>>> print(open('work_6.cif').read())   # mmCIF, C-alpha atoms and all ligand atoms
data_entry
#
loop_
_atom_site.group_PDB
_atom_site.id
_atom_site.type_symbol
_atom_site.label_atom_id
_atom_site.label_comp_id
_atom_site.auth_asym_id
_atom_site.auth_seq_id
_atom_site.Cartn_x
_atom_site.Cartn_y
_atom_site.Cartn_z
ATOM 1 C CA MET O 6 276.073 157.881 -50.255
ATOM 2 C CA HIS O 7 277.170 157.026 -53.785
ATOM 3 C CA THR O 8 279.049 153.867 -54.744
ATOM 4 C CA LYS O 9 282.827 154.082 -55.248
ATOM 5 C CA LYS O 10 283.805 154.397 -58.903
ATOM 6 C CA GLN O 11 285.446 151.462 -60.644
ATOM 7 C CA ILE O 12 287.432 150.892 -63.830
ATOM 8 C CA LEU O 13 285.927 147.911 -65.609
ATOM 9 C CA ASP O 14 286.073 146.078 -68.917
ATOM 10 C CA LEU O 15 282.484 145.633 -70.082
ATOM 11 C CA GLN O 16 281.479 143.059 -72.686
ATOM 12 C CA VAL O 17 278.935 144.185 -75.264
ATOM 13 C CA ILE O 18 276.109 141.627 -75.430
ATOM 14 C CA LYS O 19 273.679 143.529 -77.669
ATOM 15 C CA HIS O 20 274.009 146.287 -80.278
ATOM 16 C CA THR O 21 270.673 147.852 -81.220
ATOM 17 C CA SER O 22 270.564 150.395 -84.007
ATOM 18 C CA LEU O 23 267.773 152.943 -83.318
ATOM 19 C CA ASN O 24 268.277 154.943 -86.506
ATOM 20 C CA ASN O 25 271.175 156.101 -88.720
ATOM 21 C CA HIS O 26 273.101 157.810 -85.923
ATOM 22 C CA HIS O 27 271.948 156.357 -82.591
ATOM 23 C CA VAL O 28 272.654 152.941 -81.088
ATOM 24 C CA VAL O 29 272.012 151.286 -77.749
ATOM 25 C CA LEU O 30 274.805 149.086 -76.422
ATOM 26 C CA THR O 31 273.824 146.610 -73.725
ATOM 27 C CA CYS O 32 276.814 145.391 -71.748
ATOM 28 C CA THR O 33 277.696 143.048 -68.936
ATOM 29 C CA SER O 34 280.723 142.543 -66.746
ATOM 30 C CA GLU O 35 282.526 139.471 -65.381
ATOM 31 C CA LYS O 36 282.592 141.307 -62.044
ATOM 32 C CA LYS O 37 279.387 142.437 -60.351
ATOM 33 C CA LEU O 38 278.528 145.935 -61.560
ATOM 34 C CA PRO O 39 278.436 148.630 -58.870
ATOM 35 C CA LYS O 40 275.005 150.047 -58.070
ATOM 36 C CA LEU O 41 274.131 152.603 -60.747
ATOM 37 C CA LEU O 42 271.678 155.465 -60.222
ATOM 38 C CA ALA O 43 269.550 157.423 -62.698
ATOM 39 C CA GLY O 44 271.450 160.526 -63.820
ATOM 40 C CA GLN O 45 274.907 159.032 -63.318
ATOM 41 C CA PHE O 46 277.270 158.498 -66.223
ATOM 42 C CA ALA O 47 280.293 156.515 -67.342
ATOM 43 C CA GLU O 48 283.516 157.682 -68.984
ATOM 44 C CA ILE O 49 284.020 155.276 -71.860
ATOM 45 C CA SER O 50 287.353 154.703 -73.553
ATOM 46 C CA ALA O 51 287.122 155.171 -77.293
ATOM 47 C CA GLY O 52 290.100 152.893 -77.954
ATOM 48 C CA ASP O 53 293.086 153.925 -80.018
ATOM 49 C CA THR O 54 291.291 155.827 -82.787
ATOM 50 C CA ALA O 55 293.091 159.055 -83.751
ATOM 51 C CA GLY O 56 291.868 162.010 -81.690
ATOM 52 C CA THR O 57 290.119 159.885 -79.097
ATOM 53 C CA PHE O 58 292.719 159.941 -76.323
ATOM 54 C CA LEU O 59 290.133 161.271 -73.840
ATOM 55 C CA ARG O 60 287.319 159.081 -72.612
ATOM 56 C CA ARG O 61 283.806 160.161 -73.611
ATOM 57 C CA PRO O 62 280.974 160.656 -71.087
ATOM 58 C CA PHE O 63 277.697 158.758 -71.617
ATOM 59 C CA SER O 64 274.680 158.565 -69.307
ATOM 60 C CA ILE O 65 273.511 155.312 -67.809
ATOM 61 C CA HIS O 66 270.571 154.521 -70.098
ATOM 62 C CA ASP O 67 269.445 151.383 -68.311
ATOM 63 C CA TYR O 68 270.721 149.173 -65.506
ATOM 64 C CA ASN O 69 269.544 145.772 -64.325
ATOM 65 C CA MET O 70 271.096 144.680 -61.055
ATOM 66 C CA GLU O 71 269.777 141.074 -61.234
ATOM 67 C CA MET O 72 270.957 140.571 -64.824
ATOM 68 C CA ASN O 73 274.210 142.507 -64.144
ATOM 69 C CA THR O 74 273.693 144.616 -67.285
ATOM 70 C CA VAL O 75 274.090 148.288 -68.115
ATOM 71 C CA SER O 76 273.202 150.019 -71.365
ATOM 72 C CA PHE O 77 274.200 153.240 -73.082
ATOM 73 C CA LEU O 78 272.380 155.187 -75.800
ATOM 74 C CA ILE O 79 275.083 156.581 -78.077
ATOM 75 C CA GLN O 80 274.632 159.356 -80.608
ATOM 76 C CA ILE O 81 277.305 159.039 -83.298
ATOM 77 C CA LYS O 82 278.855 162.532 -83.510
ATOM 78 C CA GLY O 83 282.618 162.438 -84.005
ATOM 79 C CA ASN O 84 285.433 159.874 -83.874
ATOM 80 C CA GLY O 85 284.942 158.900 -80.228
ATOM 81 C CA SER O 86 281.245 158.127 -80.335
ATOM 82 C CA ALA O 87 281.653 156.471 -83.763
ATOM 83 C CA SER O 88 284.282 154.123 -82.368
ATOM 84 C CA ILE O 89 282.251 153.289 -79.238
ATOM 85 C CA GLY O 90 278.980 153.034 -81.164
ATOM 86 C CA SER O 91 280.489 150.552 -83.626
ATOM 87 C CA LEU O 92 281.197 147.945 -80.922
ATOM 88 C CA GLN O 93 279.511 144.609 -81.569
ATOM 89 C CA PRO O 94 278.473 141.723 -79.289
ATOM 90 C CA GLY O 95 281.580 139.936 -78.024
ATOM 91 C CA GLU O 96 283.721 143.085 -78.091
ATOM 92 C CA SER O 97 284.686 144.908 -74.918
ATOM 93 C CA MET O 98 285.092 148.484 -73.768
ATOM 94 C CA ASN O 99 286.848 150.006 -70.805
ATOM 95 C CA VAL O 100 284.720 152.260 -68.596
ATOM 96 C CA ILE O 101 284.936 154.234 -65.375
ATOM 97 C CA LEU O 102 281.651 154.190 -63.488
ATOM 98 C CA PRO O 103 279.524 155.257 -61.719
ATOM 99 C CA LEU O 104 280.344 158.975 -62.081
ATOM 100 C CA GLY O 105 278.445 162.076 -60.988
ATOM 101 C CA ASN O 106 275.464 162.610 -58.735
ATOM 102 C CA SER O 107 271.959 161.407 -59.545
ATOM 103 C CA PHE O 108 268.400 162.695 -59.859
ATOM 104 C CA CYS O 109 266.558 163.167 -56.526
ATOM 105 C CA MET O 110 263.694 160.706 -56.277
ATOM 106 C CA PRO O 111 260.148 161.969 -55.666
ATOM 107 C CA ALA O 112 258.302 160.867 -52.528
ATOM 108 C CA GLU O 113 255.916 157.908 -52.662
ATOM 109 C CA GLY O 114 252.616 158.796 -54.364
ATOM 110 C CA GLU O 115 253.963 161.888 -56.178
ATOM 111 C CA LYS O 116 253.575 162.312 -59.930
ATOM 112 C CA VAL O 117 256.400 163.850 -61.941
ATOM 113 C CA LEU O 118 257.083 164.844 -65.555
ATOM 114 C CA LEU O 119 260.220 163.673 -67.378
ATOM 115 C CA THR O 120 261.223 165.782 -70.393
ATOM 116 C CA GLY O 121 263.886 164.957 -72.962
ATOM 117 C CA GLY O 122 265.113 166.396 -76.233
ATOM 118 C CA GLY O 123 266.989 164.403 -78.903
ATOM 119 C CA CYS O 124 269.445 162.008 -77.284
ATOM 120 C CA GLY O 125 268.601 163.670 -73.942
ATOM 121 C CA VAL O 126 266.187 160.761 -73.766
ATOM 122 C CA ALA O 127 269.204 158.613 -72.726
ATOM 123 C CA PRO O 128 268.923 158.960 -68.916
ATOM 124 C CA LEU O 129 265.114 158.999 -68.899
ATOM 125 C CA LEU O 130 264.593 155.228 -69.175
ATOM 126 C CA LEU O 131 266.394 154.428 -65.909
ATOM 127 C CA LEU O 132 264.912 157.578 -64.359
ATOM 128 C CA ALA O 133 261.344 156.456 -65.157
ATOM 129 C CA LYS O 134 262.063 152.975 -63.755
ATOM 130 C CA SER O 135 263.586 154.492 -60.598
ATOM 131 C CA VAL O 136 260.638 156.864 -60.084
ATOM 132 C CA ILE O 137 258.283 153.888 -60.241
ATOM 133 C CA ALA O 138 260.498 151.848 -57.899
ATOM 134 C CA ALA O 139 260.286 154.781 -55.435
ATOM 135 C CA GLY O 140 256.486 154.381 -55.395
ATOM 136 C CA ALA O 141 255.849 157.509 -57.486
ATOM 137 C CA SER O 142 254.592 157.746 -61.079
ATOM 138 C CA CYS O 143 255.530 159.699 -64.165
ATOM 139 C CA ASP O 144 254.463 161.045 -67.514
ATOM 140 C CA ILE O 145 257.164 161.420 -70.146
ATOM 141 C CA LEU O 146 257.460 164.171 -72.761
ATOM 142 C CA ILE O 147 260.086 163.784 -75.469
ATOM 143 C CA GLY O 148 260.832 165.937 -78.480
ATOM 144 C CA ALA O 149 263.000 165.562 -81.557
ATOM 145 C CA ARG O 150 263.623 166.996 -85.008
ATOM 146 C CA ASP O 151 261.443 164.360 -86.629
ATOM 147 C CA GLU O 152 259.781 161.001 -86.025
ATOM 148 C CA GLU O 153 262.978 159.068 -86.808
ATOM 149 C CA ASN O 154 264.769 160.830 -83.947
ATOM 150 C CA LEU O 155 262.108 160.101 -81.328
ATOM 151 C CA MET O 156 263.754 157.192 -79.577
ATOM 152 C CA GLU O 157 262.825 154.445 -77.106
ATOM 153 C CA THR O 158 259.120 155.338 -77.420
ATOM 154 C CA GLU O 159 257.943 151.756 -76.882
ATOM 155 C CA GLU O 160 260.028 151.253 -73.723
ATOM 156 C CA LEU O 161 259.089 154.655 -72.281
ATOM 157 C CA SER O 162 255.367 154.299 -72.968
ATOM 158 C CA GLU O 163 255.352 151.194 -70.751
ATOM 159 C CA LEU O 164 256.464 153.346 -67.812
ATOM 160 C CA GLY O 165 254.048 156.294 -68.053
ATOM 161 C CA THR O 166 251.915 158.268 -70.494
ATOM 162 C CA LEU O 167 254.203 159.306 -73.335
ATOM 163 C CA PHE O 168 253.761 162.710 -75.019
ATOM 164 C CA THR O 169 255.786 163.584 -78.119
ATOM 165 C CA THR O 170 256.672 166.651 -80.175
ATOM 166 C CA THR O 171 258.560 166.925 -83.455
ATOM 167 C CA GLU O 172 259.835 170.068 -85.147
ATOM 168 C CA ASP O 173 258.505 168.938 -88.534
ATOM 169 C CA GLY O 174 255.185 167.640 -87.179
ATOM 170 C CA SER O 175 255.843 164.073 -88.412
ATOM 171 C CA GLU O 176 254.789 162.689 -84.993
ATOM 172 C CA GLY O 177 252.984 164.164 -81.985
ATOM 173 C CA ILE O 178 252.534 167.917 -81.525
ATOM 174 C CA LYS O 179 254.414 170.084 -84.057
ATOM 175 C CA GLY O 180 257.039 172.254 -82.374
ATOM 176 C CA PHE O 181 259.348 172.029 -79.373
ATOM 177 C CA VAL O 182 258.842 170.153 -76.111
ATOM 178 C CA THR O 183 257.820 173.467 -74.523
ATOM 179 C CA ASP O 184 255.005 173.840 -77.096
ATOM 180 C CA HIS O 185 253.245 170.735 -75.762
ATOM 181 C CA PRO O 186 250.027 171.601 -73.875
ATOM 182 C CA VAL O 187 251.103 169.474 -70.908
ATOM 183 C CA MET O 188 253.760 172.128 -70.136
ATOM 184 C CA GLN O 189 250.910 174.534 -69.327
ATOM 185 C CA GLU O 190 249.514 172.128 -66.716
ATOM 186 C CA LEU O 191 252.631 171.567 -64.618
ATOM 187 C CA LYS O 192 251.291 173.007 -61.365
ATOM 188 C CA GLU O 193 247.981 171.111 -61.565
ATOM 189 C CA LYS O 194 249.497 167.747 -62.511
ATOM 190 C CA TYR O 195 253.076 167.355 -61.303
ATOM 191 C CA SER O 196 255.173 167.810 -58.167
ATOM 192 C CA LYS O 197 258.426 167.988 -60.106
ATOM 193 C CA VAL O 198 259.910 168.221 -63.608
ATOM 194 C CA TYR O 199 263.119 166.558 -64.809
ATOM 195 C CA SER O 200 264.831 167.660 -67.997
ATOM 196 C CA CYS O 201 267.643 166.416 -70.177
ATOM 197 C CA GLY O 202 268.636 167.602 -73.635
ATOM 198 C CA PRO O 203 270.175 170.588 -75.385
ATOM 199 C CA ASP O 204 270.778 173.635 -73.122
ATOM 200 C CA PRO O 205 268.173 175.879 -74.831
ATOM 201 C CA MET O 206 265.522 173.197 -74.322
ATOM 202 C CA MET O 207 266.393 172.665 -70.650
ATOM 203 C CA LYS O 208 266.455 176.429 -70.033
ATOM 204 C CA ALA O 209 263.020 176.792 -71.622
ATOM 205 C CA VAL O 210 261.593 173.859 -69.620
ATOM 206 C CA ALA O 211 263.142 175.211 -66.399
ATOM 207 C CA THR O 212 261.727 178.691 -67.029
ATOM 208 C CA ILE O 213 258.178 177.334 -67.415
ATOM 209 C CA ALA O 214 258.611 175.084 -64.351
ATOM 210 C CA GLU O 215 259.928 177.966 -62.234
ATOM 211 C CA GLU O 216 257.106 180.288 -63.386
ATOM 212 C CA SER O 217 254.645 177.521 -62.498
ATOM 213 C CA GLY O 218 256.222 177.108 -59.056
ATOM 214 C CA VAL O 219 257.268 173.521 -59.783
ATOM 215 C CA ASP O 220 260.698 172.186 -58.838
ATOM 216 C CA CYS O 221 262.925 171.310 -61.822
ATOM 217 C CA GLU O 222 266.079 169.212 -62.064
ATOM 218 C CA VAL O 223 268.226 169.353 -65.196
ATOM 219 C CA SER O 224 271.116 167.177 -66.331
ATOM 220 C CA LEU O 225 273.923 169.221 -67.906
ATOM 221 C CA GLU O 226 276.142 167.921 -70.707
ATOM 222 C CA ASN O 227 279.101 170.310 -70.474
ATOM 223 C CA THR O 228 282.147 169.203 -72.409
ATOM 224 C CA MET O 229 284.273 167.022 -70.139
ATOM 225 C CA ALA O 230 287.850 165.798 -70.183
ATOM 226 C CA CYS O 231 288.794 163.917 -66.993
ATOM 227 C CA GLY O 232 285.279 163.289 -65.652
ATOM 228 C CA ILE O 233 286.589 163.076 -62.070
ATOM 229 C CA GLY O 234 286.931 166.696 -60.942
ATOM 230 C CA ALA O 235 290.632 167.148 -61.769
ATOM 231 C CA CYS O 236 290.799 169.336 -64.902
ATOM 232 C CA LEU O 237 288.073 171.923 -64.152
ATOM 233 C CA CYS O 238 287.065 172.105 -67.817
ATOM 234 C CA CYS O 239 283.406 171.352 -67.062
ATOM 235 C CA VAL O 240 282.610 174.071 -64.485
ATOM 236 C CA THR O 241 279.272 175.832 -64.406
ATOM 237 C CA GLU O 242 278.297 178.903 -62.406
ATOM 238 C CA THR O 243 275.789 178.299 -59.633
ATOM 239 C CA THR O 244 274.323 180.276 -56.739
ATOM 240 C CA GLU O 245 276.942 178.518 -54.583
ATOM 241 C CA GLY O 246 279.884 179.444 -56.858
ATOM 242 C CA HIS O 247 281.588 177.445 -59.590
ATOM 243 C CA LYS O 248 280.754 173.740 -59.595
ATOM 244 C CA CYS O 249 282.204 170.837 -61.586
ATOM 245 C CA VAL O 250 279.472 169.283 -63.683
ATOM 246 C CA CYS O 251 281.281 165.918 -63.580
ATOM 247 C CA THR O 252 281.419 165.602 -59.776
ATOM 248 C CA ASP O 253 278.884 168.085 -58.324
ATOM 249 C CA GLY O 254 276.502 167.303 -61.216
ATOM 250 C CA PRO O 255 275.553 166.476 -63.881
ATOM 251 C CA VAL O 256 272.155 166.916 -62.187
ATOM 252 C CA PHE O 257 271.351 170.354 -60.722
ATOM 253 C CA ASN O 258 268.227 171.991 -59.407
ATOM 254 C CA SER O 259 267.502 174.600 -62.099
ATOM 255 C CA LYS O 260 267.179 177.345 -59.472
ATOM 256 C CA THR O 261 270.829 176.948 -58.502
ATOM 257 C CA LEU O 262 272.099 177.558 -62.049
ATOM 258 C CA GLN O 263 273.123 181.041 -63.171
ATOM 259 C CA TRP O 264 272.196 180.350 -66.779
ATOM 260 C CA HIS O 265 269.374 182.894 -66.932
ATOM 261 C CA ASN O 266 271.845 185.792 -66.420
HETATM 262 C C1 LIG O 301 277.384 163.883 -68.375
HETATM 263 C C2 LIG O 301 277.228 163.650 -69.860
HETATM 264 C C3 LIG O 301 276.391 162.653 -70.288
HETATM 265 C C4 LIG O 301 276.233 162.423 -71.664
HETATM 266 N N1 LIG O 301 275.396 161.416 -72.044
HETATM 267 C C5 LIG O 301 275.264 161.150 -73.354
HETATM 268 C C6 LIG O 301 274.423 160.057 -73.757
HETATM 269 O O1 LIG O 301 273.835 159.340 -72.933
HETATM 270 N N2 LIG O 301 274.328 159.810 -75.085
HETATM 271 C C7 LIG O 301 275.003 160.585 -76.020
HETATM 272 O O2 LIG O 301 274.889 160.306 -77.211
HETATM 273 N N3 LIG O 301 275.788 161.617 -75.662
HETATM 274 C C8 LIG O 301 275.952 161.904 -74.358
HETATM 275 N N4 LIG O 301 276.788 162.935 -73.978
HETATM 276 C C9 LIG O 301 277.547 163.682 -75.031
HETATM 277 C C10 LIG O 301 278.740 162.856 -75.485
HETATM 278 O O3 LIG O 301 279.650 162.742 -74.423
HETATM 279 C C11 LIG O 301 279.454 163.531 -76.682
HETATM 280 O O4 LIG O 301 278.573 163.552 -77.773
HETATM 281 C C12 LIG O 301 280.696 162.751 -77.059
HETATM 282 O O5 LIG O 301 281.670 162.869 -76.059
HETATM 283 C C13 LIG O 301 281.237 163.275 -78.372
HETATM 284 O O6 LIG O 301 282.460 162.628 -78.644
HETATM 285 P P1 LIG O 301 282.968 162.409 -80.154
HETATM 286 O O7 LIG O 301 284.363 161.959 -80.101
HETATM 287 O O8 LIG O 301 282.023 161.557 -80.893
HETATM 288 O O9 LIG O 301 282.815 163.825 -80.776
HETATM 289 P P2 LIG O 301 283.901 164.960 -81.006
HETATM 290 O O10 LIG O 301 284.346 164.900 -82.418
HETATM 291 O O11 LIG O 301 284.968 164.944 -79.966
HETATM 292 O O12 LIG O 301 282.981 166.221 -80.796
HETATM 293 C C14 LIG O 301 281.690 166.320 -81.394
HETATM 294 C C15 LIG O 301 280.837 167.197 -80.496
HETATM 295 O O13 LIG O 301 280.682 166.604 -79.183
HETATM 296 C C16 LIG O 301 281.084 167.519 -78.170
HETATM 297 N N5 LIG O 301 281.941 166.804 -77.216
HETATM 298 C C17 LIG O 301 283.138 166.266 -77.484
HETATM 299 N N6 LIG O 301 283.688 165.679 -76.421
HETATM 300 C C18 LIG O 301 282.813 165.876 -75.414
HETATM 301 C C19 LIG O 301 282.845 165.532 -74.065
HETATM 302 N N7 LIG O 301 283.881 164.876 -73.516
HETATM 303 N N8 LIG O 301 281.778 165.907 -73.295
HETATM 304 C C20 LIG O 301 280.725 166.524 -73.842
HETATM 305 N N9 LIG O 301 280.640 166.877 -75.130
HETATM 306 C C21 LIG O 301 281.678 166.580 -75.912
HETATM 307 C C22 LIG O 301 281.925 168.567 -78.845
HETATM 308 O O14 LIG O 301 281.770 169.831 -78.195
HETATM 309 C C23 LIG O 301 281.398 168.579 -80.258
HETATM 310 O O15 LIG O 301 280.311 169.485 -80.373
HETATM 311 C C24 LIG O 301 276.942 163.211 -72.620
HETATM 312 C C25 LIG O 301 277.794 164.240 -72.178
HETATM 313 C C26 LIG O 301 277.937 164.458 -70.808
HETATM 314 C C27 LIG O 301 278.848 165.538 -70.340
HETATM 315 S S1 LIG O 302 285.744 167.007 -66.586
HETATM 316 FE FE1 LIG O 302 287.560 167.404 -65.516
HETATM 317 S S2 LIG O 302 286.828 168.491 -63.788
HETATM 318 FE FE2 LIG O 302 284.998 167.889 -64.785
#
>>> encode(input="work_6.cif", output="structure tokens")
Amino acid sequence: MHTKKQILDLQVIKHTSLNNHHVVLTCTSEKKLPKLLAGQFAEISAGDTAGTFLRRPFSIHDYNMEMNTVSFLIQIKGNGSASIGSLQPGESMNVILPLGNSFCMPAEGEKVLLTGGGCGVAPLLLLAKSVIAAGASCDILIGARDEENLMETEELSELGTLFTTTEDGSEGIKGFVTDHPVMQELKEKYSKVYSCGPDPMMKAVATIAEESGVDCEVSLENTMACGIGACLCCVTETTEGHKCVCTDGPVFNSKTLQWHN
């Protein structure tokens, strides 16, 4: 049973610039934060900037119940993310959270593979921590255009063996995530694969997982408006009919998605 969503003003306590167009904002709240699960997201108000009337969805990057902190990894794309990503310690932002479902946790003793492309790495930090808290273990495979865009490598490598790929070969194996040799060993090594990133990457990861007979969960990033199941602008076709990515997802078992058709 998921926690009831809340509208909260969060205070930014840390702004970490990862590279030219990605930041991590660590935030706290005067009120106790609701329990947040890996795979869930928040709808963040982008303030009064022109063209940013709608809130923007961002995954829960990290959550610390004892410290009452939550963090978001923000890629600066357009006006909304630029406004949110420019927030500095002491400033506040209005959020609705927690939204969406969450990744299914593996059973104790299982070993799973987490895959992420670009800023799809955002939900993987809390996912890796949650997998470990569930008594399972993980390896993590992340890919990016180049070394500069491989993010959170230090944090992730503390949680499992970290494999990397870059399209220009500046770090790790040259190519896409799916070109990494570990993708050919799914059945032997892992009980499950999780994937987050651009659609073509998740489709390619899911195809290899399905061919290997390994379960795969993906986190979709369909464009959203309301984030609460009211506007239907985020629907995706599944084996059980049309589903709202914001309320039925964003996490889906790859086999239920009709994206191979
Ligand atoms: C469930 C979910 C989780 C996400 N998690 C993260 C995350 O952790 N880190 C991160 O950097 N990004 C994440 N995104 C994508 C992020 O929401 C968009 O990059 C952001 O909304 C763009 O807003 P903008 O005003 O900067 O860009 P705009 O100028 O509005 O648009 C730039 C691009 O972003 C896309 N976009 C715009 N609005 C949305 C929207 N509401 N939903 C999805 N895509 C949109 C547009 O199609 C366009 O290609 C997530 C998206 C979803 C749906
Ligand atoms: S974003 Fe409105 S229904 Fe999903």
>>> residues_near_ligand(input="work_6.cif", ligand="ligand LIG 302 (chain O)", cutoff="8 Å", atoms="all atoms listed in the file", output="JSON, numbers by chain")
{"O": [228, 229, 230, 231, 232, 233, 234, 235, 236, 237, 238, 239, 240, 249, 250, 251, 252]}
>>> residues_around(input="work_6.cif", residues="segment 118-120 of chain O", least_positions_apart="5", cutoff="8 Å", atoms="all atoms listed in the file", output="ChimeraX atom specification")
/O:126,129,133,143-147,182,195,197-201
>>> write_last_selection(input="work_6.cif", atoms="C-alpha atoms", output="JSON list (two decimals), in the frame of the given file")
[["chain", "number", "residue", "atom", "x", "y", "z"],
["O", 126, "VAL", "CA", 266.19, 160.76, -73.77],
["O", 129, "LEU", "CA", 265.11, 159.00, -68.90],
["O", 133, "ALA", "CA", 261.34, 156.46, -65.16],
["O", 143, "CYS", "CA", 255.53, 159.70, -64.17],
["O", 144, "ASP", "CA", 254.46, 161.04, -67.51],
["O", 145, "ILE", "CA", 257.16, 161.42, -70.15],
["O", 146, "LEU", "CA", 257.46, 164.17, -72.76],
["O", 147, "ILE", "CA", 260.09, 163.78, -75.47],
["O", 182, "VAL", "CA", 258.84, 170.15, -76.11],
["O", 195, "TYR", "CA", 253.08, 167.36, -61.30],
["O", 197, "LYS", "CA", 258.43, 167.99, -60.11],
["O", 198, "VAL", "CA", 259.91, 168.22, -63.61],
["O", 199, "TYR", "CA", 263.12, 166.56, -64.81],
["O", 200, "SER", "CA", 264.83, 167.66, -68.00],
["O", 201, "CYS", "CA", 267.64, 166.42, -70.18]]
>>> closest_atom_pairs(input="work_6.cif", of="chain O", to="ligand LIG 301 (chain O)", cutoff="6 Å", atoms="all atoms listed in the file", output="JSON lines")
{"residue": "O:Phe46", "atom": "CA", "partner": "O:LIG301", "partner_atom": "C1", "distance": 5.8}
{"residue": "O:Arg61", "atom": "CA", "partner": "O:LIG301", "partner_atom": "O5", "distance": 4.2}
{"residue": "O:Pro62", "atom": "CA", "partner": "O:LIG301", "partner_atom": "O3", "distance": 4.2}
{"residue": "O:Phe63", "atom": "CA", "partner": "O:LIG301", "partner_atom": "N1", "distance": 3.5}
{"residue": "O:Ser64", "atom": "CA", "partner": "O:LIG301", "partner_atom": "O1", "distance": 3.8}
{"residue": "O:Leu78", "atom": "CA", "partner": "O:LIG301", "partner_atom": "N2", "distance": 5.1}
{"residue": "O:Ile79", "atom": "CA", "partner": "O:LIG301", "partner_atom": "O2", "distance": 3.8}
{"residue": "O:Gln80", "atom": "CA", "partner": "O:LIG301", "partner_atom": "O2", "distance": 3.5}
{"residue": "O:Ile81", "atom": "CA", "partner": "O:LIG301", "partner_atom": "O8", "distance": 5.9}
{"residue": "O:Lys82", "atom": "CA", "partner": "O:LIG301", "partner_atom": "O8", "distance": 4.2}
{"residue": "O:Gly83", "atom": "CA", "partner": "O:LIG301", "partner_atom": "O8", "distance": 3.3}
{"residue": "O:Asn84", "atom": "CA", "partner": "O:LIG301", "partner_atom": "O7", "distance": 4.4}
{"residue": "O:Gly85", "atom": "CA", "partner": "O:LIG301", "partner_atom": "O7", "distance": 3.1}
{"residue": "O:Ser86", "atom": "CA", "partner": "O:LIG301", "partner_atom": "O8", "distance": 3.6}
{"residue": "O:Ala87", "atom": "CA", "partner": "O:LIG301", "partner_atom": "O8", "distance": 5.9}
{"residue": "O:Cys124", "atom": "CA", "partner": "O:LIG301", "partner_atom": "O2", "distance": 5.7}
{"residue": "O:Ala127", "atom": "CA", "partner": "O:LIG301", "partner_atom": "O1", "distance": 4.7}
{"residue": "O:Glu226", "atom": "CA", "partner": "O:LIG301", "partner_atom": "C27", "distance": 3.6}
{"residue": "O:Asn227", "atom": "CA", "partner": "O:LIG301", "partner_atom": "C27", "distance": 4.8}
{"residue": "O:Thr228", "atom": "CA", "partner": "O:LIG301", "partner_atom": "C20", "distance": 3.4}
{"residue": "O:Met229", "atom": "CA", "partner": "O:LIG301", "partner_atom": "N7", "distance": 4.0}
{"residue": "O:Ala230", "atom": "CA", "partner": "O:LIG301", "partner_atom": "N7", "distance": 5.3}
{"residue": "O:Pro255", "atom": "CA", "partner": "O:LIG301", "partner_atom": "C1", "distance": 5.5}
>>> closest_residue(input="work_6.cif", among="O:Cys221, O:Val100, O:Leu15, O:Met206", to="Leu59 of chain O", atoms="only C-alpha atoms")
O:Val100
>>> resolve_selection(input="work_6.cif", expression="the PyMOL selection byres (((chain O and resi 135) around 12) and not hetatm)", output="JSON, numbers by chain")
{"O": [41, 42, 43, 44, 66, 67, 68, 69, 107, 108, 109, 110, 111, 112, 113, 117, 119, 128, 129, 130, 131, 132, 133, 134, 136, 137, 138, 139, 140, 141, 142, 143, 164]}
>>> closest_residue(input="work_6.cif", among="O:Arg150, O:Leu155, O:Thr8, O:Gly122", to="Thr183 of chain O", atoms="all atoms listed in the file")
O:Gly122
>>> closest_residue(input="work_6.cif", among="O:Gln263, O:Ser91, O:Thr74, O:Asn258", to="Gly246 of chain O", atoms="all atoms listed in the file")
O:Gln263
>>> atom_distance(input="work_6.cif", atom1="atom CA of Ser217 of chain O", atom2="atom CA of Phe181 of chain O")
18.4 Å
>>> resolve_selection(input="work_6.cif", expression="the PyMOL selection byres (((chain O and resi 95) around 7) and not hetatm)", output="ChimeraX atom specification")
/O:16-18,93-94,96-97
>>> residues_around(input="work_6.cif", residues="Glu216 of chain O", least_positions_apart="6", cutoff="12 Å", atoms="all atoms listed in the file", output="PDB file with C-alpha atoms, in the frame of the given file")
ATOM      1  CA  MET O 188     253.760 172.128 -70.136  1.00  0.00           C
ATOM      2  CA  GLN O 189     250.910 174.534 -69.327  1.00  0.00           C
ATOM      3  CA  GLU O 190     249.514 172.128 -66.716  1.00  0.00           C
ATOM      4  CA  LEU O 191     252.631 171.567 -64.618  1.00  0.00           C
ATOM      5  CA  LYS O 192     251.291 173.007 -61.365  1.00  0.00           C
ATOM      6  CA  ALA O 209     263.020 176.792 -71.622  1.00  0.00           C
ATOM      7  CA  VAL O 210     261.593 173.859 -69.620  1.00  0.00           C
ATOM      8  CA  SER O 259     267.502 174.600 -62.099  1.00  0.00           C
ATOM      9  CA  LYS O 260     267.179 177.345 -59.472  1.00  0.00           C
TER      10      LYS O 260
END
>>> atom_distance(input="work_6.cif", atom1="atom CA of Ile65 of chain O", atom2="atom CA of Glu176 of chain O")
26.5 Å
>>> resolve_selection(input="work_6.cif", expression="the PyMOL selection byres (((chain O and resi 245) around 10) and not hetatm)", output="PyMOL selection string")
chain O and resi 242-244+246-248+261-263
>>> atom_distance(input="work_6.cif", atom1="atom CA of Gly148 of chain O", atom2="atom CA of Asp173 of chain O")
10.7 Å
>>> closest_residue(input="work_6.cif", among="O:Asn154, O:Gln11, O:Asn73, O:Thr212", to="Asn25 of chain O", atoms="all atoms listed in the file")
O:Asn154
>>> closest_residue(input="work_6.cif", among="O:Leu30, O:Ile89, O:Ile12, O:Leu23", to="Glu153 of chain O", atoms="only C-alpha atoms")
O:Leu23
>>> closest_residue(input="work_6.cif", among="O:Pro39, O:Gly90, O:Gly52, O:Pro205", to="His27 of chain O", atoms="all atoms listed in the file")
O:Gly90
